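One structure is given here, and the rest of the page talks about it.
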Amino acid sequence: MHVPIVAMGTQTGSSSTVLTRASLSRLHAAGFPEILDCNKEPAEVVDPADPVDFNPQREEADFLQSNEIILQFLAFTGIPQDGMGTTWPKTMYFTFQFYRFPPVTTPRLQLVNMDQSGTASSAASSHTLFQINKDGTLKSGSPGLQIKYMVDPGFLKPGEQCWFIRYIADHNLQIDIWDGDSLLLIGSAAVKLKHLLRQGRTAVQVHHELEVMTTEYEQDTTVMSGDVLRHGTVKPIGVYVVVKGRLHLSLANVGHLCEQRLKKSNSLPPPRSRIVSSHDGTSSFHGGSLFSLNTPGAKNVSQAQKLADVDSELAAMLFSRLQEVSTAFQHTSREASASRRRKLERMMMVRQLEAQEDVSGRRASLMGRREERIQHSRDLQIIDAYRERIKAESISSMLRQAITTNYTLYATLGTAEFFEFALRNPYNVQHTVTIEIDHPELSVIVDSREWRHFKELTQTMTTPVEEDMFHLQDNLMPQVYLRPKETIHIPFKYQTFSIDHAVMMQQGPIELRFNKGTEAAPPWKSSAMLTKRIKISFKANGDKPIAILSVNVEPQPHVVDQTFRFYHPELTFLKKSIRLPPWYTLPGAPAGMPGGEPEMYVRCSDPNIICETKKMGPGEPQDVFLKVAGGPSPQIKKFFVAIYTDAWLAAPIQIWQFYLHSLQRVDVSCITGQLTRLSLVLRGTQTIRKVRAYTSHTQELKVDPKGVFILPPNGVQDLHIGVRPQKAGSRFVYLNLVDVEYHQLVSSWLVCVSCRQPVISKAFEITLPSGGGKGSNKRITYTNPYPSRRMYFLHTNRADLLQFKEDSFEIGGGETYTIGLRFAPSQSTGEEEILIYINDHEDKNEETFCVKVAYQ
């Protein structure tokens with residue numbers, strides 16, 4: 001069971017802080033870019049804790065209709081994890097998607113500690129983000145990273161302004177934070193966008209300290225007792241949300257006057273009626289010849305052209321003969337050039353034979369002209385035969401153009417686009433018309449209830465709804481009966497759940513490329529999304545079309561409401577259950593009481609993924625079930641899930657984006673405090689690479705080689721790892737092999753650690769004062785049980801609370817050694833269990849002591 005981070009009700013735009021006022025002062029003095037309004041005045045600062053009074057009419061009436069959305073990534077503050085201290089990443093980058101703009105992967109940013117005094121602890125100070133040059137040095141200028149989006153009527157469809165305002169008022173922006181060196185996910189943060197509503201103000205800005213959270217899978221030790229430990233039972237793995245740090249982020253919305261000089265080619269036509277008629281001027285036939293394409297300004301004028309210029313097949317046939325004649329002419333010219341000198345030398349002999357040669361020359365000229373006439377006659381015969389062959393096809397094509405109507409719709413993922421076509425029977429006799437569609441995503445609405453539902457949604461109630469209008473054949477092609485000269489309206493629905501771009505992606509930061517200015521193409525004119533052309537044929541008896549509707553579908557980007565990332569072993573099935581957030585219920589109501597929960601429906605963009613949700617009963621939670629086949633490591637599968645609340649799937653209430661990271665699985669069974677070694681096989685790519693191994697739990701997993709090493713091309717090499725868990729149970733550890741030059745992911749492993757507690761040979765109880773600034777020294781003894789001299793090494797599971805006077809010692813057989821312990825002071829009261837591991841020269845556990853410390 002996976003619980004969405006955004007839906008957990010946790011911090012999404014916190015105003016509280018973990019920084020001291022001195023750290024906040026240093027952060028404020030770092031020199032981040034100042035946000036100014038259109039009058040060059042500082043933008044009004046809004047407190048994220050203040051409520052937002054949303055008035056959509058006030059937003060739409062604002063004379064500053066252009067919104068410049070600014071995101072400033074300022075700093076990052078780490079939080080210690082389980083007393084292990086804060087492990088600072090050196091670089092980081094961010095991934096997110098704002099509104100319907102393309103997904104963004106920011107460049108890598110350097111973390112720099114601005115506290116040079118050294119008095120503040122690492123957990124209480126913040127690291128400022130700086131941009132990096134290609135050579136690794138810091139860029140000059142202001143710190144942080146600033147990203148701007150210009151949202152104005154030149155970038156929005158007519159009528160889309162209210163959609164954008166509703167998006168700002170209701171949605172959260174989810175940001176994934178990545179380690180720029182190891183390419184490991186640090187965590188995710190969510191920020192509410194509602195404070196960007198200007199409500200008549202020229203500019204607003206808000207500063208957030210967002211909790212960066214991650215999901216970890218660990219064995220729940222509290223339920224590992226009783227029948228759960230029997231043979232054959234499943235060990236439960238718990239899902240925990242851990243706060244890794246805080247991201248300092250500034251958001252702003254600066255209003256600008258709308259540019260009045262908008263190009264007509266960059267804007268959509270006014271919202272057209274959803275009733276498509278063949279008499280509204282959208283026919284593709286403009287008159288003219290069979291072979292010419294007419295210009296828009298001259299509908300009934302056509303310029304004659306040669307058949308060879310408009311038909312490639314005929315041109316190829318005629319060109320083959322021209323090439324033969326040209327080759328023969330070139331060959332004759334070369335021979336004439338070579339013999340010219342000889343003819344000049346024998347001029348006298350030529351003049352003597354001039355009479356005879358003149359007669360033969362006239363004869364040759366007559367023969368050449370006759371051969372040319374014969375060849376021209378053959379070419380004309382070829383052209384005439386070709387014209388006769390294509391005449392019927394050309395006339396049929398022109399007739400089809402005369403009955404063809406064009407219609408353009410703009411579709412987004414999962415949203416159904418509804419329209420009606422006015423079909424007229426041009427004959428004086430009745431006909432049963434068959435509707436043929438050459439694309440599965442466009443369909444006829446045959447259910448009158450669905451037809452009425454879409455007409456109510458689109459407010460197109462001027463046309464009637466007929467019951468049992470269509471007859472379905474065995475091949476599911478609908479048929480409709482038309483009386484003579486009758487006109488009826490055929491309802492259609494276009495809906496797509498597929499995405500055009502590749503689902504396999506490589507992880508890693510890339511450079512940003514933003515289009516600046518309003519001259520760039522609008523979002524719905526994205527070159528990455530190709531226009532689909534769908535033909536609908538209305539055929540009467542005898543398979544003759546009486547009308548053709550050509551539908552041009554231009555895909556548009558869609559809004560992503562939430563992003564999920566799952567890490568799973570390669571070439572296996574991922575099975576997840578995602579609980580939907582609860583709807584409003586009365587407090588104190590018993591479980592199972594009927595409530596106002598609507599029924600949910602889900603659809604996936606990948607047909608090879610099983611995605612479903614079941615109605616569990618009144619008052620019961622509702623879950624989305626996923627079953628996904630993973631690919632080879634380190635590939636990433638990307639897909640979308642649309643969630644609906646209406647049975648006809650008109651428009652999704654949310655769209656979720658999923659990333660499935662495929663990793664190589666390694667199972668490790670070990671004991672806490674004891675080092676377990678194993679080797680992983682590295683396979684080189686086609687070229688030599690400089691790589692380094694990174695792990696998500698640096699205290700528990702060590703790698704050898706530790707630093708950067710060379711991975712030869714197409715070779716096999718071993719990577720040695722050592723696992724020393726700090727606590728019992730099962731958990732997942734991530735291991736990445738990264739190309740340090742190009743910051744690419746070469747290999748990735750999912751280390752599944754199953755660890756058990758060693759046998760505790762001795763237990764001690766001590767009492768220490770809390771709140772003091774001084775630690776306490778204690779001593780315990782250990783006797784070597786072997787007759788020979790041995791070397792021993794000391795480890796503990798709480799290095800933050802206990803330190804050894806010496807980490808190793810050597811004693812003779814049967815001798816006793818006194819171990820010096822140094823306990824760090826604790827600021828709070830309570831009890832802590834600290835384990836002391838005594839390991840041999842191979843780092844195998846000999847004995848384990850347990851010290852229960854009571855801080856009073």
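By order of appearance in the structure tokens: chains A, B, ..., then residues from 1 within every chain, and ligands from 1 in the order shown.
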
Contacts of A:Ile132 within 7 Å, only C-alpha atoms, excl. fewer than 5 positions in-chain, as a PyMOL selection string: chain A and resi 108-110+137-139

Alpha helix (DSSP H) residues, from DSSP on the backbone, in stretch 39-92 of chain A, as a ChimeraX atom specification: /A:56-60

Output N, CA and C atoms for every residue in the selection just made, as a PDB file, in the first residue's frame.
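Saved file part.pdb follows:
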```pdb
ATOM      1  N   PRO A  56     -12.820  34.645  -8.588  1.00  0.00           N
ATOM      2  CA  PRO A  56     -12.456  34.473 -10.005  1.00  0.00           C
ATOM      3  C   PRO A  56     -12.856  35.662 -10.874  1.00  0.00           C
ATOM      4  N   GLN A  57     -13.974  36.344 -10.526  1.00  0.00           N
ATOM      5  CA  GLN A  57     -14.359  37.494 -11.333  1.00  0.00           C
ATOM      6  C   GLN A  57     -13.333  38.618 -11.225  1.00  0.00           C
ATOM      7  N   ARG A  58     -12.724  38.756 -10.045  1.00  0.00           N
ATOM      8  CA  ARG A  58     -11.720  39.808  -9.878  1.00  0.00           C
ATOM      9  C   ARG A  58     -10.459  39.492 -10.673  1.00  0.00           C
ATOM     10  N   GLU A  59     -10.102  38.215 -10.744  1.00  0.00           N
ATOM     11  CA  GLU A  59      -8.933  37.832 -11.531  1.00  0.00           C
ATOM     12  C   GLU A  59      -9.182  38.046 -13.026  1.00  0.00           C
ATOM     13  N   GLU A  60     -10.377  37.695 -13.491  1.00  0.00           N
ATOM     14  CA  GLU A  60     -10.650  37.839 -14.918  1.00  0.00           C
ATOM     15  C   GLU A  60     -10.802  39.301 -15.314  1.00  0.00           C
TER      16      GLU A  60
END
```

Strand (DSSP E or B) call set, DSSP backbone run, stretch 682-833 of chain A, as number ranges by chain: A: 682-683, 689-695, 701-704, 709-711, 716-723, 729-739, 744-756, 762-768, 770, 776-783, 790-796, 802-804, 808-811, 816-823, 826, 830-833

Contacts of A:Gln699 within 9 Å, only C-alpha atoms, excl. fewer than 3 positions in-chain, as a PyMOL selection string: chain A and resi 84+702+724-726

Using only N, CA and C atoms, please write the residues we just selected to a file, as a short mmCIF file (atom, residue, chain, number, x, y, z; two decimals), in the first residue's frame.
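Here's the written file selection.cif:
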```
data_model
loop_
_atom_site.label_atom_id
_atom_site.label_comp_id
_atom_site.auth_asym_id
_atom_site.auth_seq_id
_atom_site.Cartn_x
_atom_site.Cartn_y
_atom_site.Cartn_z
N MET A 84 22.30 9.90 12.73
CA MET A 84 23.44 9.58 11.88
C MET A 84 24.11 10.84 11.36
N LYS A 702 29.28 0.17 2.10
CA LYS A 702 30.54 0.70 1.59
C LYS A 702 30.88 0.00 0.28
N ARG A 724 26.95 -3.28 6.45
CA ARG A 724 26.96 -3.35 7.91
C ARG A 724 25.71 -2.61 8.42
N PRO A 725 24.56 -3.30 8.54
CA PRO A 725 23.33 -2.63 8.99
C PRO A 725 23.44 -2.19 10.45
N GLN A 726 22.69 -1.13 10.77
CA GLN A 726 22.69 -0.59 12.12
C GLN A 726 21.52 -1.10 12.95
#
```

Find the residues near A:Glu832: any atom within 10 Å, counting only C-alpha atoms, skip ones fewer than 3 places away on the same chain, and give them as a PDB file with N, CA and C atoms, in the first residue's frame.
```
ATOM      1  N   ARG A 798      24.991   3.308  17.669  1.00  0.00           N
ATOM      2  CA  ARG A 798      24.691   4.708  17.958  1.00  0.00           C
ATOM      3  C   ARG A 798      25.987   5.471  18.123  1.00  0.00           C
ATOM      4  N   LEU A 801      25.867   8.728  20.137  1.00  0.00           N
ATOM      5  CA  LEU A 801      25.743   8.738  21.598  1.00  0.00           C
ATOM      6  C   LEU A 801      26.925   8.084  22.294  1.00  0.00           C
ATOM      7  N   THR A 829      15.248  13.781  28.263  1.00  0.00           N
ATOM      8  CA  THR A 829      15.181  12.614  29.141  1.00  0.00           C
ATOM      9  C   THR A 829      14.606  11.420  28.384  1.00  0.00           C
ATOM     10  N   LEU A 835      24.022  -0.722  21.502  1.00  0.00           N
ATOM     11  CA  LEU A 835      24.677  -2.015  21.310  1.00  0.00           C
ATOM     12  C   LEU A 835      26.160  -1.807  21.037  1.00  0.00           C
ATOM     13  N   VAL A 851      23.886  -1.854  26.340  1.00  0.00           N
ATOM     14  CA  VAL A 851      23.934  -0.875  27.421  1.00  0.00           C
ATOM     15  C   VAL A 851      22.642  -0.062  27.362  1.00  0.00           C
ATOM     16  N   LYS A 852      21.808  -0.194  28.402  1.00  0.00           N
ATOM     17  CA  LYS A 852      20.576   0.580  28.483  1.00  0.00           C
ATOM     18  C   LYS A 852      20.863   1.833  29.290  1.00  0.00           C
ATOM     19  N   VAL A 853      20.780   2.970  28.616  1.00  0.00           N
ATOM     20  CA  VAL A 853      21.121   4.246  29.236  1.00  0.00           C
ATOM     21  C   VAL A 853      19.831   4.982  29.575  1.00  0.00           C
ATOM     22  N   ALA A 854      19.681   5.373  30.846  1.00  0.00           N
ATOM     23  CA  ALA A 854      18.524   6.151  31.296  1.00  0.00           C
ATOM     24  C   ALA A 854      18.977   7.584  31.534  1.00  0.00           C
ATOM     25  N   TYR A 855      18.492   8.525  30.701  1.00  0.00           N
ATOM     26  CA  TYR A 855      18.827   9.936  30.872  1.00  0.00           C
ATOM     27  C   TYR A 855      17.770  10.563  31.785  1.00  0.00           C
TER      28      TYR A 855
END
```

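Taking atom CA of A:Gly830 and atom CA of A:Ile760 as endpoints, the distance between them is 22.0 Å.
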
Between atom CA of A:Thr698 and atom CA of A:Pro80, distance in Å (one decimal):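 Interatomic distance, atom CA of A:Thr698 to atom CA of A:Pro80: 13.5 Å.
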
What lies within 8 Å of A:Cys670 using only C-alpha atoms, ignoring chain neighbours under 3 positions off, as a PDB file with N, CA, C and O atoms, in the first residue's frame?
```pdb
ATOM      1  N   GLN A 674      27.854  -6.539  11.928  1.00  0.00           N
ATOM      2  CA  GLN A 674      28.842  -7.426  11.301  1.00  0.00           C
ATOM      3  C   GLN A 674      28.928  -7.097   9.823  1.00  0.00           C
ATOM      4  O   GLN A 674      27.920  -6.876   9.159  1.00  0.00           O
ATOM      5  N   LEU A 675      30.142  -7.057   9.295  1.00  0.00           N
ATOM      6  CA  LEU A 675      30.362  -6.706   7.899  1.00  0.00           C
ATOM      7  C   LEU A 675      30.161  -7.935   7.017  1.00  0.00           C
ATOM      8  O   LEU A 675      30.782  -8.982   7.227  1.00  0.00           O
ATOM      9  N   THR A 676      29.265  -7.791   6.026  1.00  0.00           N
ATOM     10  CA  THR A 676      29.006  -8.842   5.033  1.00  0.00           C
ATOM     11  C   THR A 676      29.497  -8.357   3.686  1.00  0.00           C
ATOM     12  O   THR A 676      29.079  -7.295   3.207  1.00  0.00           O
ATOM     13  N   VAL A 723      28.281  -4.597   3.550  1.00  0.00           N
ATOM     14  CA  VAL A 723      27.037  -4.173   4.189  1.00  0.00           C
ATOM     15  C   VAL A 723      27.174  -4.373   5.692  1.00  0.00           C
ATOM     16  O   VAL A 723      27.514  -5.465   6.162  1.00  0.00           O
ATOM     17  N   ARG A 724      26.948  -3.284   6.449  1.00  0.00           N
ATOM     18  CA  ARG A 724      26.956  -3.348   7.910  1.00  0.00           C
ATOM     19  C   ARG A 724      25.710  -2.611   8.419  1.00  0.00           C
ATOM     20  O   ARG A 724      25.760  -1.418   8.700  1.00  0.00           O
ATOM     21  N   PRO A 725      24.558  -3.302   8.536  1.00  0.00           N
ATOM     22  CA  PRO A 725      23.330  -2.625   8.986  1.00  0.00           C
ATOM     23  C   PRO A 725      23.435  -2.194  10.446  1.00  0.00           C
ATOM     24  O   PRO A 725      24.135  -2.802  11.257  1.00  0.00           O
ATOM     25  N   VAL A 753      18.201  -5.823   1.933  1.00  0.00           N
ATOM     26  CA  VAL A 753      18.929  -6.258   3.117  1.00  0.00           C
ATOM     27  C   VAL A 753      17.952  -6.887   4.097  1.00  0.00           C
ATOM     28  O   VAL A 753      16.946  -6.268   4.478  1.00  0.00           O
ATOM     29  N   SER A 754      18.243  -8.120   4.504  1.00  0.00           N
ATOM     30  CA  SER A 754      17.487  -8.801   5.552  1.00  0.00           C
ATOM     31  C   SER A 754      18.443  -9.067   6.705  1.00  0.00           C
ATOM     32  O   SER A 754      19.392  -9.847   6.577  1.00  0.00           O
ATOM     33  N   CYS A 755      18.216  -8.386   7.809  1.00  0.00           N
ATOM     34  CA  CYS A 755      19.191  -8.393   8.902  1.00  0.00           C
ATOM     35  C   CYS A 755      18.533  -8.889  10.199  1.00  0.00           C
ATOM     36  O   CYS A 755      17.379  -8.562  10.490  1.00  0.00           O
ATOM     37  N   ARG A 756      19.285  -9.664  10.950  1.00  0.00           N
ATOM     38  CA  ARG A 756      18.791 -10.152  12.239  1.00  0.00           C
ATOM     39  C   ARG A 756      19.711  -9.674  13.358  1.00  0.00           C
ATOM     40  O   ARG A 756      20.882  -9.366  13.126  1.00  0.00           O
TER      41      ARG A 756
END
```

If you take only C-alpha atoms and a cut-off of 8 Å, which residues of stretch 36-151 of chain A touch stretch 559-572 of chain A, and what are their nearest atom pairs and distances in Å to one decimal, in chain and number order, as CSV?
```
residue,atom,partner,partner_atom,distance
A:Gln97,CA,A:Val560,CA,7.0
A:Phe98,CA,A:Val559,CA,7.7
A:Tyr99,CA,A:Val559,CA,5.3
A:Arg100,CA,A:Val559,CA,5.0
```
